[in-house]
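Quick notes on the structure that follows.
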Amino acid sequence: MKHSTTIDAEEPWYRNPWVWLIIAIPSLTVAGCMLTIYLAITRPHILVGAGSTDAPPATAGSTDTGRE
């Protein structure tokens with residue numbers, strides 16, 4: 001008498017979509033972290049010089065200078 005086991009009937013692990021979802025989330029997190037580090041290194045913040053003012057810059061169509 002031969003008994004069938006469920007191990008023979010199961011698909012390989014790489015055929016299961018849940019495995020790829022579980023692998024994809026940490027992989028995309030690592031890729032996003034690497035991209036963020038790359039952008040932080042290659043595009044540093046622009047420092048504001050000592051001659052700047054606290055007033056916001058005027059818009060293109062604005063004629064108001066803020067002086068009275």
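Residue numbering restarts at 1 for every chain of the structure tokens, chains are lettered A, B, ... in their displayed order, and ligands are numbered from 1 as they appear.
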
Mind checking DSSP for region 5-50 of chain A and telling me the alpha helix (DSSP H) residues as a PyMOL selection string? chain A and resi 6-9+17-42

Write a file of the selected residues as an mmCIF file, in the first residue's frame, keeping N, CA and C atoms.
data_model
loop_
_atom_site.group_PDB
_atom_site.id
_atom_site.type_symbol
_atom_site.label_atom_id
_atom_site.label_comp_id
_atom_site.auth_asym_id
_atom_site.auth_seq_id
_atom_site.Cartn_x
_atom_site.Cartn_y
_atom_site.Cartn_z
ATOM 1 N N THR A 6 2.171 15.012 0.906
ATOM 2 C CA THR A 6 1.918 16.358 0.385
ATOM 3 C C THR A 6 3.197 17.026 -0.083
ATOM 4 N N ILE A 7 4.325 16.522 0.327
ATOM 5 C CA ILE A 7 5.597 17.116 -0.081
ATOM 6 C C ILE A 7 5.800 16.958 -1.590
ATOM 7 N N ASP A 8 5.421 15.830 -2.131
ATOM 8 C CA ASP A 8 5.594 15.610 -3.562
ATOM 9 C C ASP A 8 4.640 16.472 -4.388
ATOM 10 N N ALA A 9 3.488 16.804 -3.836
ATOM 11 C CA ALA A 9 2.492 17.553 -4.583
ATOM 12 C C ALA A 9 2.707 19.064 -4.513
ATOM 13 N N PRO A 17 4.103 33.082 -5.108
ATOM 14 C CA PRO A 17 4.235 34.539 -5.199
ATOM 15 C C PRO A 17 4.485 35.218 -3.854
ATOM 16 N N TRP A 18 4.073 34.613 -2.742
ATOM 17 C CA TRP A 18 4.305 35.225 -1.432
ATOM 18 C C TRP A 18 5.792 35.294 -1.109
ATOM 19 N N VAL A 19 6.553 34.330 -1.567
ATOM 20 C CA VAL A 19 7.995 34.356 -1.324
ATOM 21 C C VAL A 19 8.615 35.579 -1.983
ATOM 22 N N TRP A 20 8.223 35.853 -3.197
ATOM 23 C CA TRP A 20 8.785 36.999 -3.920
ATOM 24 C C TRP A 20 8.338 38.322 -3.314
ATOM 25 N N LEU A 21 7.132 38.366 -2.768
ATOM 26 C CA LEU A 21 6.683 39.578 -2.082
ATOM 27 C C LEU A 21 7.521 39.814 -0.830
ATOM 28 N N ILE A 22 7.770 38.754 -0.089
ATOM 29 C CA ILE A 22 8.576 38.888 1.130
ATOM 30 C C ILE A 22 10.020 39.257 0.791
ATOM 31 N N ILE A 23 10.542 38.771 -0.293
ATOM 32 C CA ILE A 23 11.903 39.125 -0.716
ATOM 33 C C ILE A 23 11.949 40.539 -1.283
ATOM 34 N N ALA A 24 10.903 40.947 -1.994
ATOM 35 C CA ALA A 24 10.902 42.244 -2.675
ATOM 36 C C ALA A 24 10.858 43.424 -1.706
ATOM 37 N N ILE A 25 10.121 43.311 -0.621
ATOM 38 C CA ILE A 25 9.981 44.452 0.294
ATOM 39 C C ILE A 25 11.329 44.846 0.914
ATOM 40 N N PRO A 26 12.089 43.939 1.507
ATOM 41 C CA PRO A 26 13.407 44.355 2.023
ATOM 42 C C PRO A 26 14.383 44.768 0.913
ATOM 43 N N SER A 27 14.277 44.125 -0.244
ATOM 44 C CA SER A 27 15.178 44.479 -1.346
ATOM 45 C C SER A 27 14.914 45.903 -1.828
ATOM 46 N N LEU A 28 13.651 46.271 -1.959
ATOM 47 C CA LEU A 28 13.316 47.637 -2.371
ATOM 48 C C LEU A 28 13.683 48.650 -1.293
ATOM 49 N N THR A 29 13.618 48.251 -0.040
ATOM 50 C CA THR A 29 14.029 49.136 1.044
ATOM 51 C C THR A 29 15.527 49.403 0.978
ATOM 52 N N VAL A 30 16.309 48.380 0.730
ATOM 53 C CA VAL A 30 17.764 48.551 0.603
ATOM 54 C C VAL A 30 18.092 49.418 -0.604
ATOM 55 N N ALA A 31 17.413 49.191 -1.731
ATOM 56 C CA ALA A 31 17.659 49.997 -2.928
ATOM 57 C C ALA A 31 17.285 51.457 -2.683
ATOM 58 N N GLY A 32 16.188 51.705 -1.991
ATOM 59 C CA GLY A 32 15.793 53.076 -1.670
ATOM 60 C C GLY A 32 16.779 53.754 -0.749
ATOM 61 N N CYS A 33 17.306 53.009 0.205
ATOM 62 C CA CYS A 33 18.317 53.551 1.111
ATOM 63 C C CYS A 33 19.586 53.916 0.355
ATOM 64 N N MET A 34 20.003 53.037 -0.552
ATOM 65 C CA MET A 34 21.208 53.316 -1.344
ATOM 66 C C MET A 34 21.005 54.534 -2.233
ATOM 67 N N LEU A 35 19.817 54.681 -2.812
ATOM 68 C CA LEU A 35 19.517 55.856 -3.634
ATOM 69 C C LEU A 35 19.530 57.119 -2.789
ATOM 70 N N THR A 36 18.975 57.058 -1.591
ATOM 71 C CA THR A 36 18.967 58.223 -0.711
ATOM 72 C C THR A 36 20.376 58.622 -0.311
ATOM 73 N N ILE A 37 21.214 57.659 0.001
ATOM 74 C CA ILE A 37 22.608 57.961 0.347
ATOM 75 C C ILE A 37 23.325 58.564 -0.847
ATOM 76 N N TYR A 38 23.119 58.013 -2.035
ATOM 77 C CA TYR A 38 23.750 58.552 -3.242
ATOM 78 C C TYR A 38 23.328 60.003 -3.468
ATOM 79 N N LEU A 39 22.036 60.279 -3.362
ATOM 80 C CA LEU A 39 21.552 61.647 -3.573
ATOM 81 C C LEU A 39 22.075 62.599 -2.506
ATOM 82 N N ALA A 40 22.191 62.130 -1.269
ATOM 83 C CA ALA A 40 22.707 62.986 -0.198
ATOM 84 C C ALA A 40 24.183 63.321 -0.406
ATOM 85 N N ILE A 41 24.924 62.384 -0.963
ATOM 86 C CA ILE A 41 26.358 62.623 -1.168
ATOM 87 C C ILE A 41 26.602 63.489 -2.400
ATOM 88 N N THR A 42 25.883 63.248 -3.477
ATOM 89 C CA THR A 42 26.160 63.952 -4.728
ATOM 90 C C THR A 42 25.459 65.299 -4.850
#
